[in-house]
$ cat input33.cif   # mmCIF, C-alpha atoms
data_target
#
loop_
_atom_site.group_PDB
_atom_site.id
_atom_site.type_symbol
_atom_site.label_atom_id
_atom_site.label_comp_id
_atom_site.auth_asym_id
_atom_site.auth_seq_id
_atom_site.Cartn_x
_atom_site.Cartn_y
_atom_site.Cartn_z
ATOM 1 C CA MET A 17 1.120 -5.291 -18.840
ATOM 2 C CA ALA A 18 -1.147 -6.569 -16.129
ATOM 3 C CA LEU A 19 -4.313 -4.983 -14.830
ATOM 4 C CA GLU A 20 -4.199 -4.216 -11.112
ATOM 5 C CA ILE A 21 -7.600 -3.965 -9.440
ATOM 6 C CA GLU A 22 -7.571 -2.850 -5.820
ATOM 7 C CA ARG A 23 -9.660 -1.019 -3.254
ATOM 8 C CA LYS A 24 -8.417 0.985 -0.256
ATOM 9 C CA TRP A 25 -9.970 1.737 3.129
ATOM 10 C CA ARG A 26 -9.223 3.739 6.207
ATOM 11 C CA ILE A 27 -9.619 1.684 9.348
ATOM 12 C CA ARG A 28 -11.650 2.307 12.495
ATOM 13 C CA ARG A 29 -9.568 0.014 14.713
ATOM 14 C CA LEU A 30 -6.832 -2.566 14.484
ATOM 15 C CA PRO A 31 -7.857 -6.152 13.750
ATOM 16 C CA GLU A 32 -7.611 -8.773 16.454
ATOM 17 C CA ARG A 33 -4.370 -10.771 16.657
ATOM 18 C CA LEU A 34 -2.574 -8.328 14.341
ATOM 19 C CA LEU A 35 0.853 -9.433 15.564
ATOM 20 C CA GLU A 36 0.194 -13.031 14.455
ATOM 21 C CA TYR A 37 0.253 -12.136 10.738
ATOM 22 C CA PRO A 38 3.366 -11.941 8.532
ATOM 23 C CA ILE A 39 4.806 -8.453 8.124
ATOM 24 C CA LYS A 40 6.450 -7.181 4.965
ATOM 25 C CA GLU A 41 8.712 -4.142 5.363
ATOM 26 C CA ILE A 42 8.516 -1.798 2.388
ATOM 27 C CA GLU A 43 10.539 1.198 1.258
ATOM 28 C CA GLN A 44 9.668 2.916 -2.005
ATOM 29 C CA GLY A 45 10.358 6.069 -3.941
ATOM 30 C CA TYR A 46 8.847 7.631 -7.052
ATOM 31 C CA LEU A 47 10.975 8.576 -10.033
ATOM 32 C CA ASN A 48 7.920 10.133 -11.675
ATOM 33 C CA PHE A 49 4.353 10.812 -10.553
ATOM 34 C CA SER A 50 2.409 10.915 -13.819
ATOM 35 C CA PRO A 51 2.727 8.247 -14.962
ATOM 36 C CA ALA A 52 3.756 6.723 -11.649
ATOM 37 C CA ILE A 53 7.163 5.077 -11.847
ATOM 38 C CA ARG A 54 8.211 3.557 -8.550
ATOM 39 C CA VAL A 55 11.199 1.673 -7.166
ATOM 40 C CA ARG A 56 10.596 -0.591 -4.186
ATOM 41 C CA ARG A 57 12.505 -2.694 -1.695
ATOM 42 C CA SER A 58 10.474 -5.212 0.272
ATOM 43 C CA ARG A 59 11.593 -7.621 2.957
ATOM 44 C CA LEU A 60 9.621 -10.637 4.137
ATOM 45 C CA ASP A 61 10.997 -13.473 6.239
ATOM 46 C CA GLY A 62 14.519 -12.096 5.872
ATOM 47 C CA LYS A 63 14.440 -12.115 2.057
ATOM 48 C CA GLU A 64 14.760 -8.854 0.141
ATOM 49 C CA HIS A 65 13.167 -8.145 -3.211
ATOM 50 C CA TYR A 66 13.793 -5.098 -5.425
ATOM 51 C CA SER A 67 11.570 -3.898 -8.252
ATOM 52 C CA MET A 68 10.610 -0.997 -10.472
ATOM 53 C CA SER A 69 6.949 -0.486 -11.394
ATOM 54 C CA TYR A 70 5.033 1.549 -13.924
ATOM 55 C CA LYS A 71 1.437 2.275 -12.936
ATOM 56 C CA GLY A 72 -1.028 3.697 -15.429
ATOM 57 C CA SER A 73 -3.822 6.105 -14.558
ATOM 58 C CA GLY A 74 -6.923 4.943 -12.734
ATOM 59 C CA LEU A 75 -7.924 4.448 -9.121
ATOM 60 C CA LEU A 76 -9.891 1.193 -8.871
ATOM 61 C CA SER A 77 -8.067 -0.398 -11.799
ATOM 62 C CA HIS A 78 -4.969 0.513 -13.771
ATOM 63 C CA GLU A 79 -2.263 -1.046 -15.894
ATOM 64 C CA GLU A 80 0.846 -2.091 -14.005
ATOM 65 C CA VAL A 81 4.214 -3.420 -15.132
ATOM 66 C CA ASN A 82 6.749 -4.748 -12.614
ATOM 67 C CA LEU A 83 10.399 -5.316 -13.419
ATOM 68 C CA PRO A 84 12.991 -6.892 -11.132
ATOM 69 C CA LEU A 85 15.963 -4.838 -9.959
ATOM 70 C CA ASP A 86 19.131 -5.783 -8.149
ATOM 71 C CA ARG A 87 20.141 -4.133 -4.869
ATOM 72 C CA GLU A 88 22.642 -1.729 -6.439
ATOM 73 C CA SER A 89 20.223 -0.537 -9.121
ATOM 74 C CA TYR A 90 17.513 0.015 -6.516
ATOM 75 C CA HIS A 91 19.757 2.180 -4.328
ATOM 76 C CA SER A 92 21.040 4.132 -7.325
ATOM 77 C CA LEU A 93 17.492 4.849 -8.558
ATOM 78 C CA LEU A 94 16.184 5.643 -5.069
ATOM 79 C CA LYS A 95 18.632 8.572 -4.901
ATOM 80 C CA LYS A 96 16.739 10.078 -7.867
ATOM 81 C CA ALA A 97 13.319 9.789 -6.218
ATOM 82 C CA GLU A 98 11.035 12.814 -6.022
ATOM 83 C CA GLY A 99 9.113 13.702 -2.877
ATOM 84 C CA ILE A 100 8.945 11.577 0.239
ATOM 85 C CA ILE A 101 10.488 8.112 0.445
ATOM 86 C CA ILE A 102 7.620 5.987 1.734
ATOM 87 C CA ARG A 103 8.349 3.490 4.478
ATOM 88 C CA LYS A 104 5.690 1.170 5.801
ATOM 89 C CA ARG A 105 5.066 -2.129 7.544
ATOM 90 C CA ARG A 106 2.487 -4.242 5.732
ATOM 91 C CA SER A 107 0.570 -6.900 7.652
ATOM 92 C CA LEU A 108 -0.641 -9.723 5.377
ATOM 93 C CA ILE A 109 -4.049 -10.780 6.703
ATOM 94 C CA PRO A 110 -6.082 -13.625 5.165
ATOM 95 C CA PHE A 111 -9.796 -12.829 4.778
ATOM 96 C CA GLY A 112 -11.802 -15.568 3.090
ATOM 97 C CA GLU A 113 -10.442 -16.003 -0.434
ATOM 98 C CA TYR A 114 -8.736 -12.594 -0.276
ATOM 99 C CA ARG A 115 -5.725 -11.079 1.448
ATOM 100 C CA ILE A 116 -5.923 -7.759 3.242
ATOM 101 C CA GLU A 117 -2.699 -5.742 3.140
ATOM 102 C CA LEU A 118 -2.788 -3.431 6.155
ATOM 103 C CA ASP A 119 -0.160 -0.701 5.805
ATOM 104 C CA ARG A 120 1.187 1.156 8.827
ATOM 105 C CA PHE A 121 3.110 4.121 7.453
ATOM 106 C CA LEU A 122 6.313 5.213 9.180
ATOM 107 C CA GLY A 123 8.489 8.323 9.183
ATOM 108 C CA GLU A 124 6.872 11.445 7.716
ATOM 109 C CA LEU A 125 3.570 9.601 7.267
ATOM 110 C CA GLU A 126 3.495 8.104 10.793
ATOM 111 C CA GLY A 127 -0.043 7.631 12.093
ATOM 112 C CA LEU A 128 -1.572 6.715 8.740
ATOM 113 C CA TRP A 129 -3.033 3.215 8.359
ATOM 114 C CA ILE A 130 -4.580 2.069 5.083
ATOM 115 C CA ALA A 131 -5.988 -1.353 4.160
ATOM 116 C CA GLU A 132 -5.856 -2.598 0.555
ATOM 117 C CA VAL A 133 -7.337 -5.645 -1.134
ATOM 118 C CA GLU A 134 -6.555 -6.774 -4.700
ATOM 119 C CA PHE A 135 -9.155 -8.488 -6.875
ATOM 120 C CA PRO A 136 -9.273 -10.555 -10.072
ATOM 121 C CA SER A 137 -12.113 -8.430 -11.527
ATOM 122 C CA VAL A 138 -13.803 -5.058 -11.138
ATOM 123 C CA GLU A 139 -17.090 -6.852 -10.467
ATOM 124 C CA GLU A 140 -15.571 -8.772 -7.533
ATOM 125 C CA ALA A 141 -14.004 -5.584 -6.213
ATOM 126 C CA ARG A 142 -17.374 -3.809 -6.227
ATOM 127 C CA ARG A 143 -19.141 -6.736 -4.491
ATOM 128 C CA PHE A 144 -16.519 -7.163 -1.751
ATOM 129 C CA GLN A 145 -17.605 -6.556 1.845
ATOM 130 C CA GLY A 146 -14.688 -5.979 4.193
ATOM 131 C CA PRO A 147 -14.392 -6.791 7.884
ATOM 132 C CA ASP A 148 -16.015 -4.605 10.546
ATOM 133 C CA TRP A 149 -12.709 -2.911 11.369
ATOM 134 C CA PHE A 150 -12.682 -1.243 7.928
ATOM 135 C CA SER A 151 -13.934 2.332 7.858
ATOM 136 C CA GLU A 152 -14.470 4.562 4.830
ATOM 137 C CA ASP A 153 -13.668 3.278 1.333
ATOM 138 C CA VAL A 154 -11.149 5.791 -0.049
ATOM 139 C CA THR A 155 -10.399 4.073 -3.364
ATOM 140 C CA GLU A 156 -11.973 6.687 -5.616
ATOM 141 C CA SER A 157 -10.732 9.717 -3.669
ATOM 142 C CA GLY A 158 -7.134 9.287 -4.817
ATOM 143 C CA GLU A 159 -6.062 10.990 -1.558
ATOM 144 C CA TYR A 160 -4.407 7.811 -0.318
ATOM 145 C CA ALA A 161 -2.585 6.700 -3.437
ATOM 146 C CA ASN A 162 1.051 6.127 -2.498
ATOM 147 C CA SER A 163 2.228 8.338 -5.354
ATOM 148 C CA ARG A 164 0.079 11.202 -4.022
ATOM 149 C CA LEU A 165 1.359 10.663 -0.467
ATOM 150 C CA ALA A 166 4.955 10.737 -1.753
ATOM 151 C CA ARG A 167 4.285 13.925 -3.703
ATOM 152 C CA LEU A 168 2.109 15.882 -1.233
ATOM 153 C CA GLY A 169 2.866 14.306 2.130
ATOM 154 C CA ARG A 170 0.576 13.701 5.031
ATOM 155 C CA PRO A 171 -3.161 13.678 4.288
ATOM 156 C CA PRO A 172 -5.605 15.690 6.442
ATOM 157 C CA ALA A 173 -5.412 14.910 10.166
ATOM 158 C CA SER A 174 -8.854 13.312 9.981
ATOM 159 C CA ALA A 175 -7.320 10.502 7.910
ATOM 160 C CA LEU A 176 -4.969 9.404 10.642
ATOM 161 C CA PHE A 177 -5.744 6.388 12.748
ATOM 162 C CA PRO A 178 -8.134 7.349 15.573
ATOM 163 C CA GLN A 179 -6.246 7.880 18.781
ATOM 164 C CA GLU A 180 -7.394 6.010 21.867
ATOM 165 C CA SER A 181 -9.004 8.213 24.514
#

$ encode --input "input33.cif" --output "structure tokens"
Amino acid sequence: MALEIERKWRIRRLPERLLEYPIKEIEQGYLNFSPAIRVRRSRLDGKEHYSMSYKGSGLLSHEEVNLPLDRESYHSLLKKAEGIIIRKRRSLIPFGEYRIELDRFLGELEGLWIAEVEFPSVEEARRFQGPDWFSEDVTESGEYANSRLARLGRPPASALFPQES
């Protein structure tokens, strides 16, 4: 098992030059919510990757195990998913020694944008200062955990990306 340490933020605006960054397309479904057991298909630069993950409890940090799947196994397991199948486009944005993963949710969760950053330690996670386009840190709320979104759907309207006037 590996320890995953990550923080999540809502955003106040889109970063500059967003279209210049690589985009990973992600589709994922949850076979179970507690503990979270997820199957995922991701595509980057035309290459597809399939996996199944177990995520332990915890918001800032939690145990995580990832196992590879083949295409057929992924599609078979996805049919058993509970709740919403999450689809999103993830922009991979370098930021100093870190990488910001900016998720634009699609389908039933359209309008939701969440930024995530993974860290090697809890101490580094707590010290991290994000860019000015980050808004509220929602890590500890749990409202924006993908497993919660899959189970309960769209968060409150106030969580959606601010619309331009």

$ resolve_selection --input "input33.cif" --expression "the PyMOL selection byres ((chain A and resi 22-29) around 7)" --output "list in words"
Glu20, Ile21, Leu30, Pro31, Leu76, Ser77, Trp129, Ile130, Ala131, Glu132, Val133, Glu134, Phe135, Ala141, Trp149, Phe150, Ser151, Glu152, Asp153, Val154, Thr155, Phe177 and Pro178 of chain A

$ residues_around --input "input33.cif" --residues "Glu79 (chain A)" --least-positions-apart "2" --cutoff "9 Å" --atoms "only C-alpha atoms" --output "list in words"
Met17, Ala18, Leu19, Glu20, Ile21, Tyr70, Lys71, Gly72, Ser73, Gly74, Ser77 and Val81 of chain A

$ resolve_selection --input "input33.cif" --expression "the PyMOL selection byres ((chain A and resi 86) around 10)" --output "list of chain:residue names"
A:Arg57, A:Glu64, A:His65, A:Tyr66, A:Ser67, A:Pro84, A:Leu85, A:Arg87, A:Glu88, A:Ser89, A:Tyr90, A:His91

$ residues_near_point --input "input33.cif" --point "(15.2, 5.8, -2.0)" --cutoff "12 Å" --atoms "only C-alpha atoms" --output "mmCIF file with C-alpha atoms, keeping the file's coordinate frame"
data_model
loop_
_atom_site.group_PDB
_atom_site.id
_atom_site.type_symbol
_atom_site.label_atom_id
_atom_site.label_comp_id
_atom_site.auth_asym_id
_atom_site.auth_seq_id
_atom_site.Cartn_x
_atom_site.Cartn_y
_atom_site.Cartn_z
ATOM 1 C CA ILE A 42 8.516 -1.798 2.388
ATOM 2 C CA GLU A 43 10.539 1.198 1.258
ATOM 3 C CA GLN A 44 9.668 2.916 -2.005
ATOM 4 C CA GLY A 45 10.358 6.069 -3.941
ATOM 5 C CA TYR A 46 8.847 7.631 -7.052
ATOM 6 C CA LEU A 47 10.975 8.576 -10.033
ATOM 7 C CA ARG A 54 8.211 3.557 -8.550
ATOM 8 C CA VAL A 55 11.199 1.673 -7.166
ATOM 9 C CA ARG A 56 10.596 -0.591 -4.186
ATOM 10 C CA ARG A 57 12.505 -2.694 -1.695
ATOM 11 C CA TYR A 66 13.793 -5.098 -5.425
ATOM 12 C CA MET A 68 10.610 -0.997 -10.472
ATOM 13 C CA ARG A 87 20.141 -4.133 -4.869
ATOM 14 C CA GLU A 88 22.642 -1.729 -6.439
ATOM 15 C CA SER A 89 20.223 -0.537 -9.121
ATOM 16 C CA TYR A 90 17.513 0.015 -6.516
ATOM 17 C CA HIS A 91 19.757 2.180 -4.328
ATOM 18 C CA SER A 92 21.040 4.132 -7.325
ATOM 19 C CA LEU A 93 17.492 4.849 -8.558
ATOM 20 C CA LEU A 94 16.184 5.643 -5.069
ATOM 21 C CA LYS A 95 18.632 8.572 -4.901
ATOM 22 C CA LYS A 96 16.739 10.078 -7.867
ATOM 23 C CA ALA A 97 13.319 9.789 -6.218
ATOM 24 C CA GLU A 98 11.035 12.814 -6.022
ATOM 25 C CA GLY A 99 9.113 13.702 -2.877
ATOM 26 C CA ILE A 100 8.945 11.577 0.239
ATOM 27 C CA ILE A 101 10.488 8.112 0.445
ATOM 28 C CA ILE A 102 7.620 5.987 1.734
ATOM 29 C CA ARG A 103 8.349 3.490 4.478
ATOM 30 C CA ALA A 166 4.955 10.737 -1.753
#

$ atom_distance --input "input33.cif" --atom1 "CA of Pro110 (chain A)" --atom2 "CA of Leu128 (chain A)"
21.1 Å

$ axis_aligned_box --input "input33.cif" --around "region 42-59 of chain A" --padding-each-side "3 Å" --output "AutoDock Vina command-line options"
--center_x 7.5 --center_y 1.6 --center_z -6.0 --size_x 16.1 --size_y 24.5 --size_z 23.9

$ build_atoms --input "input33.cif" --residues "region 103-116 of chain A" --atoms "N, CA, C and O atoms" --output "mmCIF file, in the coordinates of the input"
data_model
loop_
_atom_site.group_PDB
_atom_site.id
_atom_site.type_symbol
_atom_site.label_atom_id
_atom_site.label_comp_id
_atom_site.auth_asym_id
_atom_site.auth_seq_id
_atom_site.Cartn_x
_atom_site.Cartn_y
_atom_site.Cartn_z
ATOM 1 N N ARG A 103 7.966 4.666 3.701
ATOM 2 C CA ARG A 103 8.349 3.490 4.478
ATOM 3 C C ARG A 103 7.102 3.011 5.208
ATOM 4 O O ARG A 103 6.380 3.820 5.789
ATOM 5 N N LYS A 104 6.877 1.710 5.143
ATOM 6 C CA LYS A 104 5.690 1.170 5.801
ATOM 7 C C LYS A 104 5.898 -0.284 6.176
ATOM 8 O O LYS A 104 6.768 -0.961 5.619
ATOM 9 N N ARG A 105 5.094 -0.724 7.131
ATOM 10 C CA ARG A 105 5.066 -2.129 7.544
ATOM 11 C C ARG A 105 3.714 -2.665 7.125
ATOM 12 O O ARG A 105 2.684 -2.134 7.537
ATOM 13 N N ARG A 106 3.716 -3.686 6.307
ATOM 14 C CA ARG A 106 2.487 -4.242 5.732
ATOM 15 C C ARG A 106 2.171 -5.587 6.378
ATOM 16 O O ARG A 106 2.916 -6.554 6.219
ATOM 17 N N SER A 107 1.052 -5.643 7.094
ATOM 18 C CA SER A 107 0.570 -6.900 7.652
ATOM 19 C C SER A 107 -0.245 -7.616 6.586
ATOM 20 O O SER A 107 -1.106 -7.005 5.941
ATOM 21 N N LEU A 108 0.018 -8.907 6.397
ATOM 22 C CA LEU A 108 -0.641 -9.723 5.377
ATOM 23 C C LEU A 108 -1.694 -10.595 6.069
ATOM 24 O O LEU A 108 -1.356 -11.576 6.727
ATOM 25 N N ILE A 109 -2.959 -10.205 5.918
ATOM 26 C CA ILE A 109 -4.049 -10.780 6.703
ATOM 27 C C ILE A 109 -5.000 -11.555 5.788
ATOM 28 O O ILE A 109 -5.657 -10.955 4.932
ATOM 29 N N PRO A 110 -5.120 -12.874 5.978
ATOM 30 C CA PRO A 110 -6.082 -13.625 5.165
ATOM 31 C C PRO A 110 -7.510 -13.247 5.557
ATOM 32 O O PRO A 110 -7.808 -13.024 6.736
ATOM 33 N N PHE A 111 -8.386 -13.157 4.543
ATOM 34 C CA PHE A 111 -9.796 -12.829 4.778
ATOM 35 C C PHE A 111 -10.606 -13.562 3.718
ATOM 36 O O PHE A 111 -10.717 -13.098 2.579
ATOM 37 N N GLY A 112 -11.105 -14.743 4.071
ATOM 38 C CA GLY A 112 -11.802 -15.568 3.090
ATOM 39 C C GLY A 112 -10.860 -15.918 1.961
ATOM 40 O O GLY A 112 -9.725 -16.341 2.188
ATOM 41 N N GLU A 113 -11.295 -15.697 0.718
ATOM 42 C CA GLU A 113 -10.442 -16.003 -0.434
ATOM 43 C C GLU A 113 -9.504 -14.850 -0.786
ATOM 44 O O GLU A 113 -8.751 -14.932 -1.758
ATOM 45 N N TYR A 114 -9.526 -13.795 0.006
ATOM 46 C CA TYR A 114 -8.736 -12.594 -0.276
ATOM 47 C C TYR A 114 -7.618 -12.431 0.752
ATOM 48 O O TYR A 114 -7.564 -13.140 1.751
ATOM 49 N N ARG A 115 -6.758 -11.454 0.487
ATOM 50 C CA ARG A 115 -5.725 -11.079 1.448
ATOM 51 C C ARG A 115 -5.801 -9.571 1.646
ATOM 52 O O ARG A 115 -5.731 -8.805 0.684
ATOM 53 N N ILE A 116 -5.950 -9.176 2.890
ATOM 54 C CA ILE A 116 -5.923 -7.759 3.242
ATOM 55 C C ILE A 116 -4.468 -7.390 3.497
ATOM 56 O O ILE A 116 -3.758 -8.086 4.217
#
